[in-house]
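Below is one structure, written out as structure tokens, with a few remarks after it.
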Amino acid sequence: MLEVPHGFVKGTVTDRIDWTENEFSLMINAPVDPYSAGQFTKLALPDAAGEWVRRAYSLVNYPHHKAGHEQMEFLFITADEGQLSPRLQQLTAGDPVYVSKKSSGFMTLAEIPDNMTNLWLLSTGSAIGPFLSILDELETASRFEEIVLVHAVRTEAELVYQSKIAQMIERYKGKLRYIPIVSREESKGLLQGRIPDLLLSGALTETARVALNKESSFFYICGNPDMVKDTSAALNTLGYIKNLRRKAGNFSSENYW
């Protein structure tokens with residue numbers, strides 16, 4: 001019998017949602033340690049050779065830890081060359097999957113400087129997941145005056161969690177703006193292009209109707225490495241500085257693979 005990797009516990013898939021042919025969500029129950037909204041953990045499955053394949057994924061849900069068990073939700077896009085995501089896509093309710101007992105990551109509310117009152121959440125693809133977790137955190141609504149959730153995808157079909165986002169917009173009572181962006185097709189009423197370009201042109205702030213301010217605007221950037229790099233450069237061009245753990249700034253980021 002294959003030994004469970006050190007630091008991992010056995011979990012069970014409880015449900016799944018298929019958004020498109022290669023984008024899906026899994027709900028997994030496992031006895032993990034408490035974690036914070038915005039963090040990520042690792043999932044693992046054995047391959048055909050009996051070797052463990054492990055990858056990091058952010059949690060979509062707000063942590064509701066009870067009695068040593070946590071119902072977690074993850075959003076995936078299957079990569080054809082991926083070693084784990086195609087196998088995760090085959091899982092159904094009742095299947096086992098192994099989860100790191102401890103979660104990691106600093107893309108949380110605790111890392112945002114106290115003086116920042118406008119929060120921008122800039123994401124591509126499945127990287128919207130941790131931002132939905134942050135928006136489910138009760139402190140988010142009370143702490144910030146204005147919040148902008150930006151989700152850039154290739155096609156309109158990849159704009160996931162529409163019902164959940166609509167409920168959030170209603171709950172935030174005017175504080176939350178949602179800006180979907182599509183890059184590979186024309187969609188009526190939606191922005192087209194890349195996040196860094198739309199930032200530099202002013203189209204993003206114009207659509208959000210939220211002014212940028214170096215004293216109060218904070219950006220979390222999460223997505224593919226090129227988007228993170230180019231958006232960070234765009235913010236630098238606009239005069240914003242990166243937030244370091246020992247020096248407060250206006251933005252921080254997380255590469256999503």
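Following the order of the structure tokens, chains are lettered A, B, ..., residues in each are numbered from 1, and ligands are numbered from 1.
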
Residues of region 110-182 of chain A that approach region 9-30 of chain A to 8 Å or less, counting only C-alpha atoms: could you list each one with the shortest pair of atoms and its distance in Å to one decimal, rows by chain and increasing residue number, as a tab-separated table?
```
residue	atom	partner	partner_atom	distance
A:Ala157	CA	A:Thr20	CA	7.0
A:Glu158	CA	A:Thr20	CA	7.0
A:Val160	CA	A:Trp19	CA	6.8
```

| message | as a ChimeraX atom specification, please: the residues near Phe40 (chain A) (cut-off 6 Å, only C-alpha atoms, same-chain neighbours under 5 positions excluded). | response | /A:57-59,103-104

| field | Between CA of Ser163 (chain A) and CA of Gly189 (chain A), distance in Å (one decimal) | value | 18.2 Å

| request: Per DSSP on the backbone, filter region 30-205 of chain A down to the residues in strand (DSSP E) and report them as a ChimeraX atom specification. | output: /A:30,40-46,52-58,70-77,96-100,118-124,146-153,176-182,191-192

| Pick the closest to Gly249 (chain A) from A:Ser85, A:Ser201, A:Thr92, A:Asn115: which is it, counting only C-alpha atoms? |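 Going through A:Ser85, A:Ser201, A:Thr92, A:Asn115 one by one, the smallest distance to Gly249 (chain A) is for A:Asn115.
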
| request: Compare A:Ile128, A:Val153, A:Val53, A:Leu204 by their minimum atom-to-atom distance to Glu186 (chain A), counting only C-alpha atoms, and give me the closest one. | output: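 When distances to Glu186 (chain A) are compared using only C-alpha atoms, the smallest one comes from A:Val153.
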
| At what distance in Å, to one decimal, does CA of Ala93 (chain A) lie from CA of His64 (chain A)? |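 Value for the CA of His64 (chain A)-CA of Ala93 (chain A) distance: 20.4 Å.
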
| Contact residues around Gln83 (chain A) with only C-alpha atoms at 10 Å, ignoring same-chain residues under 5 positions, as a ChimeraX atom specification | /A:45,47,53-55,78,88

Determine, for each residue of region 108-131 of chain A having at least one atom at most 9 Å from an atom of region 146-151 of chain A, the closest pair of atoms and their separation in Å to one decimal, counting only C-alpha atoms; order by chain and ascending number, as a Markdown table.
```
| residue | atom | partner | partner_atom | distance |
| --- | --- | --- | --- | --- |
| A:Thr117 | CA | A:Glu146 | CA | 6.9 |
| A:Asn118 | CA | A:Glu146 | CA | 4.9 |
| A:Leu119 | CA | A:Ile147 | CA | 4.7 |
| A:Trp120 | CA | A:Val148 | CA | 4.8 |
| A:Leu121 | CA | A:Leu149 | CA | 4.9 |
| A:Leu122 | CA | A:Val150 | CA | 4.8 |
| A:Ser123 | CA | A:His151 | CA | 5.0 |
| A:Thr124 | CA | A:His151 | CA | 5.5 |
| A:Gly125 | CA | A:His151 | CA | 7.2 |
| A:Ala127 | CA | A:His151 | CA | 8.5 |
| A:Ile128 | CA | A:His151 | CA | 6.5 |
| A:Phe131 | CA | A:Leu149 | CA | 7.8 |
```

Can I get the selection written as a CSV table (one decimal), in the first residue's frame, with all heavy atoms?
```
chain,number,residue,atom,x,y,z
A,117,THR,N,-8.1,51.8,1.6
A,117,THR,CA,-9.6,51.6,1.7
A,117,THR,C,-10.2,51.2,0.4
A,117,THR,O,-11.4,50.9,0.4
A,117,THR,CB,-10.2,53.0,2.1
A,117,THR,OG1,-9.8,54.0,1.2
A,117,THR,CG2,-9.7,53.4,3.5
A,118,ASN,N,-9.5,51.2,-0.7
A,118,ASN,CA,-10.0,50.7,-2.0
A,118,ASN,C,-9.2,49.5,-2.4
A,118,ASN,O,-8.0,49.5,-2.5
A,118,ASN,CB,-9.8,51.8,-3.1
A,118,ASN,CG,-10.7,53.0,-2.8
A,118,ASN,OD1,-11.6,53.0,-2.0
A,118,ASN,ND2,-10.4,54.1,-3.5
A,119,LEU,N,-9.9,48.4,-2.6
A,119,LEU,CA,-9.3,47.1,-2.9
A,119,LEU,C,-9.6,46.7,-4.3
A,119,LEU,O,-10.8,46.6,-4.7
A,119,LEU,CB,-9.8,46.0,-1.9
A,119,LEU,CG,-9.2,44.6,-2.1
A,119,LEU,CD1,-7.7,44.6,-2.0
A,119,LEU,CD2,-9.9,43.7,-1.1
A,120,TRP,N,-8.5,46.4,-5.1
A,120,TRP,CA,-8.7,46.0,-6.5
A,120,TRP,C,-8.2,44.5,-6.5
A,120,TRP,O,-7.0,44.2,-6.1
A,120,TRP,CB,-7.8,46.8,-7.5
A,120,TRP,CG,-8.3,48.2,-7.6
A,120,TRP,CD1,-8.2,49.2,-6.7
A,120,TRP,CD2,-9.0,48.7,-8.8
A,120,TRP,NE1,-8.8,50.4,-7.2
A,120,TRP,CE2,-9.3,50.1,-8.5
A,120,TRP,CE3,-9.3,48.2,-10.0
A,120,TRP,CZ2,-9.9,50.9,-9.4
A,120,TRP,CZ3,-10.0,49.0,-10.9
A,120,TRP,CH2,-10.3,50.3,-10.6
A,121,LEU,N,-9.0,43.6,-7.0
A,121,LEU,CA,-8.7,42.2,-7.1
A,121,LEU,C,-8.6,41.8,-8.6
A,121,LEU,O,-9.6,41.7,-9.3
A,121,LEU,CB,-9.7,41.3,-6.4
A,121,LEU,CG,-10.0,41.7,-4.9
A,121,LEU,CD1,-11.2,41.0,-4.4
A,121,LEU,CD2,-8.8,41.4,-4.1
A,122,LEU,N,-7.4,41.7,-9.1
A,122,LEU,CA,-7.2,41.5,-10.6
A,122,LEU,C,-6.8,40.0,-10.9
A,122,LEU,O,-5.8,39.5,-10.4
A,122,LEU,CB,-6.0,42.4,-11.0
A,122,LEU,CG,-6.1,43.9,-10.6
A,122,LEU,CD1,-4.9,44.7,-11.1
A,122,LEU,CD2,-7.4,44.5,-11.1
A,123,SER,N,-7.6,39.3,-11.6
A,123,SER,CA,-7.4,37.9,-11.8
A,123,SER,C,-7.6,37.5,-13.3
A,123,SER,O,-8.3,38.2,-14.1
A,123,SER,CB,-8.4,37.1,-11.0
A,123,SER,OG,-9.7,37.3,-11.4
A,124,THR,N,-6.9,36.4,-13.6
A,124,THR,CA,-7.2,35.7,-14.9
A,124,THR,C,-7.5,34.3,-14.7
A,124,THR,O,-7.1,33.7,-13.7
A,124,THR,CB,-5.9,35.8,-15.8
A,124,THR,OG1,-4.8,35.2,-15.1
A,124,THR,CG2,-5.6,37.2,-16.2
A,125,GLY,N,-8.4,33.7,-15.5
A,125,GLY,CA,-8.8,32.3,-15.5
A,125,GLY,C,-9.2,31.8,-14.1
A,125,GLY,O,-10.0,32.5,-13.5
A,127,ALA,N,-7.7,31.8,-11.5
A,127,ALA,CA,-7.2,32.6,-10.3
A,127,ALA,C,-8.2,33.5,-9.7
A,127,ALA,O,-7.9,34.2,-8.7
A,127,ALA,CB,-6.0,33.4,-10.8
A,128,ILE,N,-9.4,33.6,-10.2
A,128,ILE,CA,-10.4,34.3,-9.5
A,128,ILE,C,-10.8,33.6,-8.2
A,128,ILE,O,-11.3,34.2,-7.2
A,128,ILE,CB,-11.7,34.4,-10.4
A,128,ILE,CG1,-12.7,35.4,-9.7
A,128,ILE,CG2,-12.4,33.1,-10.6
A,128,ILE,CD1,-13.9,35.7,-10.5
A,131,PHE,N,-9.9,35.1,-4.7
A,131,PHE,CA,-10.6,36.4,-4.5
A,131,PHE,C,-12.1,36.2,-4.1
A,131,PHE,O,-12.6,37.0,-3.3
A,131,PHE,CB,-10.5,37.2,-5.8
A,131,PHE,CG,-9.1,37.7,-6.2
A,131,PHE,CD1,-8.8,38.0,-7.4
A,131,PHE,CD2,-8.2,37.8,-5.2
A,131,PHE,CE1,-7.5,38.5,-7.8
A,131,PHE,CE2,-6.9,38.3,-5.5
A,131,PHE,CZ,-6.6,38.6,-6.8
```

| Which of these, A:Leu190, A:Phe144, A:Gly239, A:Arg245, has the shortest distance to Asn213 (chain A) once you count only C-alpha atoms? |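 Of all the options, A:Gly239 lies closest to Asn213 (chain A).
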
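Separating CA of Ile134 (chain A) from CA of Pro5 (chain A) is a distance of 29.0 Å.
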
| message | When you count only C-alpha atoms, which of these residues is closest to Arg184 (chain A): A:Arg171, A:Lys242, A:Lys102, A:Arg154? | response |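 Among the listed residues, A:Arg154 lies closest to Arg184 (chain A).
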
| field | All residues 10 Å or closer to Asp230 (chain A), only C-alpha atoms, same chain fewer than 4 positions away omitted, as a PyMOL selection string | value | chain A and resi 194-197+225-226+234-236

Could those selected residues go to a file with all heavy atoms, as a PDB file, in the first residue's frame?
```
ATOM      1  N   ARG A 194      -6.245  43.021 -22.385  1.00  0.00           N
ATOM      2  CA  ARG A 194      -5.468  42.517 -21.263  1.00  0.00           C
ATOM      3  C   ARG A 194      -5.502  43.513 -20.104  1.00  0.00           C
ATOM      4  O   ARG A 194      -5.554  44.737 -20.320  1.00  0.00           O
ATOM      5  CB  ARG A 194      -4.028  42.263 -21.670  1.00  0.00           C
ATOM      6  CG  ARG A 194      -3.864  41.215 -22.759  1.00  0.00           C
ATOM      7  CD  ARG A 194      -2.396  40.973 -23.080  1.00  0.00           C
ATOM      8  NE  ARG A 194      -1.703  40.311 -21.970  1.00  0.00           N
ATOM      9  CZ  ARG A 194      -0.646  40.810 -21.354  1.00  0.00           C
ATOM     10  NH1 ARG A 194      -0.148  41.998 -21.695  1.00  0.00           N
ATOM     11  NH2 ARG A 194      -0.055  40.134 -20.374  1.00  0.00           N
ATOM     12  N   ILE A 195      -5.458  43.003 -18.899  1.00  0.00           N
ATOM     13  CA  ILE A 195      -5.560  43.847 -17.711  1.00  0.00           C
ATOM     14  C   ILE A 195      -4.505  44.958 -17.684  1.00  0.00           C
ATOM     15  O   ILE A 195      -4.848  46.114 -17.439  1.00  0.00           O
ATOM     16  CB  ILE A 195      -5.501  42.977 -16.436  1.00  0.00           C
ATOM     17  CG1 ILE A 195      -6.796  42.166 -16.293  1.00  0.00           C
ATOM     18  CG2 ILE A 195      -5.270  43.849 -15.198  1.00  0.00           C
ATOM     19  CD1 ILE A 195      -6.777  41.167 -15.138  1.00  0.00           C
ATOM     20  N   PRO A 196      -3.213  44.658 -17.931  1.00  0.00           N
ATOM     21  CA  PRO A 196      -2.225  45.745 -17.862  1.00  0.00           C
ATOM     22  C   PRO A 196      -2.493  46.867 -18.864  1.00  0.00           C
ATOM     23  O   PRO A 196      -2.343  48.051 -18.540  1.00  0.00           O
ATOM     24  CB  PRO A 196      -0.891  45.044 -18.132  1.00  0.00           C
ATOM     25  CG  PRO A 196      -1.245  43.736 -18.730  1.00  0.00           C
ATOM     26  CD  PRO A 196      -2.567  43.365 -18.177  1.00  0.00           C
ATOM     27  N   ASP A 197      -2.915  46.511 -20.081  1.00  0.00           N
ATOM     28  CA  ASP A 197      -3.218  47.523 -21.093  1.00  0.00           C
ATOM     29  C   ASP A 197      -4.421  48.362 -20.692  1.00  0.00           C
ATOM     30  O   ASP A 197      -4.435  49.588 -20.885  1.00  0.00           O
ATOM     31  CB  ASP A 197      -3.476  46.856 -22.448  1.00  0.00           C
ATOM     32  CG  ASP A 197      -2.275  46.060 -22.947  1.00  0.00           C
ATOM     33  OD1 ASP A 197      -1.134  46.434 -22.601  1.00  0.00           O
ATOM     34  OD2 ASP A 197      -2.491  45.056 -23.657  1.00  0.00           O
ATOM     35  N   PRO A 225       1.783  33.902 -15.062  1.00  0.00           N
ATOM     36  CA  PRO A 225       2.983  34.709 -14.773  1.00  0.00           C
ATOM     37  C   PRO A 225       3.153  35.936 -15.662  1.00  0.00           C
ATOM     38  O   PRO A 225       3.593  36.986 -15.194  1.00  0.00           O
ATOM     39  CB  PRO A 225       4.120  33.709 -14.978  1.00  0.00           C
ATOM     40  CG  PRO A 225       3.501  32.379 -14.696  1.00  0.00           C
ATOM     41  CD  PRO A 225       2.105  32.469 -15.203  1.00  0.00           C
ATOM     42  N   ASP A 226       2.805  35.835 -16.959  1.00  0.00           N
ATOM     43  CA  ASP A 226       2.938  36.997 -17.847  1.00  0.00           C
ATOM     44  C   ASP A 226       2.003  38.119 -17.426  1.00  0.00           C
ATOM     45  O   ASP A 226       2.382  39.298 -17.445  1.00  0.00           O
ATOM     46  CB  ASP A 226       2.651  36.596 -19.296  1.00  0.00           C
ATOM     47  CG  ASP A 226       3.780  35.789 -19.911  1.00  0.00           C
ATOM     48  OD1 ASP A 226       4.908  35.855 -19.376  1.00  0.00           O
ATOM     49  OD2 ASP A 226       3.528  35.085 -20.902  1.00  0.00           O
ATOM     50  N   ALA A 234       2.869  47.677 -15.154  1.00  0.00           N
ATOM     51  CA  ALA A 234       1.920  48.759 -15.427  1.00  0.00           C
ATOM     52  C   ALA A 234       1.664  49.597 -14.174  1.00  0.00           C
ATOM     53  O   ALA A 234       1.616  50.834 -14.241  1.00  0.00           O
ATOM     54  CB  ALA A 234       0.611  48.180 -15.960  1.00  0.00           C
ATOM     55  N   LEU A 235       1.522  48.947 -13.045  1.00  0.00           N
ATOM     56  CA  LEU A 235       1.311  49.675 -11.795  1.00  0.00           C
ATOM     57  C   LEU A 235       2.541  50.495 -11.427  1.00  0.00           C
ATOM     58  O   LEU A 235       2.427  51.629 -10.943  1.00  0.00           O
ATOM     59  CB  LEU A 235       0.936  48.701 -10.680  1.00  0.00           C
ATOM     60  CG  LEU A 235      -0.466  48.092 -10.783  1.00  0.00           C
ATOM     61  CD1 LEU A 235      -0.651  46.982  -9.758  1.00  0.00           C
ATOM     62  CD2 LEU A 235      -1.541  49.167 -10.582  1.00  0.00           C
ATOM     63  N   ASN A 236       3.721  49.938 -11.666  1.00  0.00           N
ATOM     64  CA  ASN A 236       4.945  50.709 -11.455  1.00  0.00           C
ATOM     65  C   ASN A 236       4.963  51.961 -12.331  1.00  0.00           C
ATOM     66  O   ASN A 236       5.332  53.057 -11.872  1.00  0.00           O
ATOM     67  CB  ASN A 236       6.178  49.864 -11.751  1.00  0.00           C
ATOM     68  CG  ASN A 236       6.524  48.890 -10.639  1.00  0.00           C
ATOM     69  OD1 ASN A 236       7.062  47.821 -10.886  1.00  0.00           O
ATOM     70  ND2 ASN A 236       6.224  49.233  -9.398  1.00  0.00           N
TER      71      ASN A 236
END
```

| Pick the closest to Thr155 (chain A) from A:Ser216, A:Ser187, A:Thr108, A:Gln167: which is it, counting only C-alpha atoms? |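 For Thr155 (chain A), the nearest of the given residues is A:Ser187.
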
| said: Excluding Leu132 (chain A) and its own-chain neighbours fewer than 3 positions away, which residues fall within 7 Å of it when counting only C-alpha atoms? Please give them as a ChimeraX atom specification. | reply: /A:60-61,128-129,135-136

| request: Using backbone DSSP assignments, extract all alpha helix (DSSP H) residues from region 44-167 of chain A; output them as a list in words. | output: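 Filtering region 44-167 of chain A down to alpha helix (DSSP H) leaves Ser85, Pro86, Arg87, Leu88, Gly129, Pro130, Phe131, Leu132, Ser133, Ile134, Leu135, Asp136, Leu138, Glu139, Thr140, Ala141, Ser142, Arg143, Gln162, Ser163, Lys164, Ile165, Ala166 and Gln167 of chain A.
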
| message | Just checking: using only C-alpha atoms, which residue out of A:Lys164, A:Ala141, A:Lys214, A:Leu43 ends up closest to Arg87 (chain A)? | response |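 Checking each candidate against Arg87 (chain A), we get A:Leu43 as the closest.
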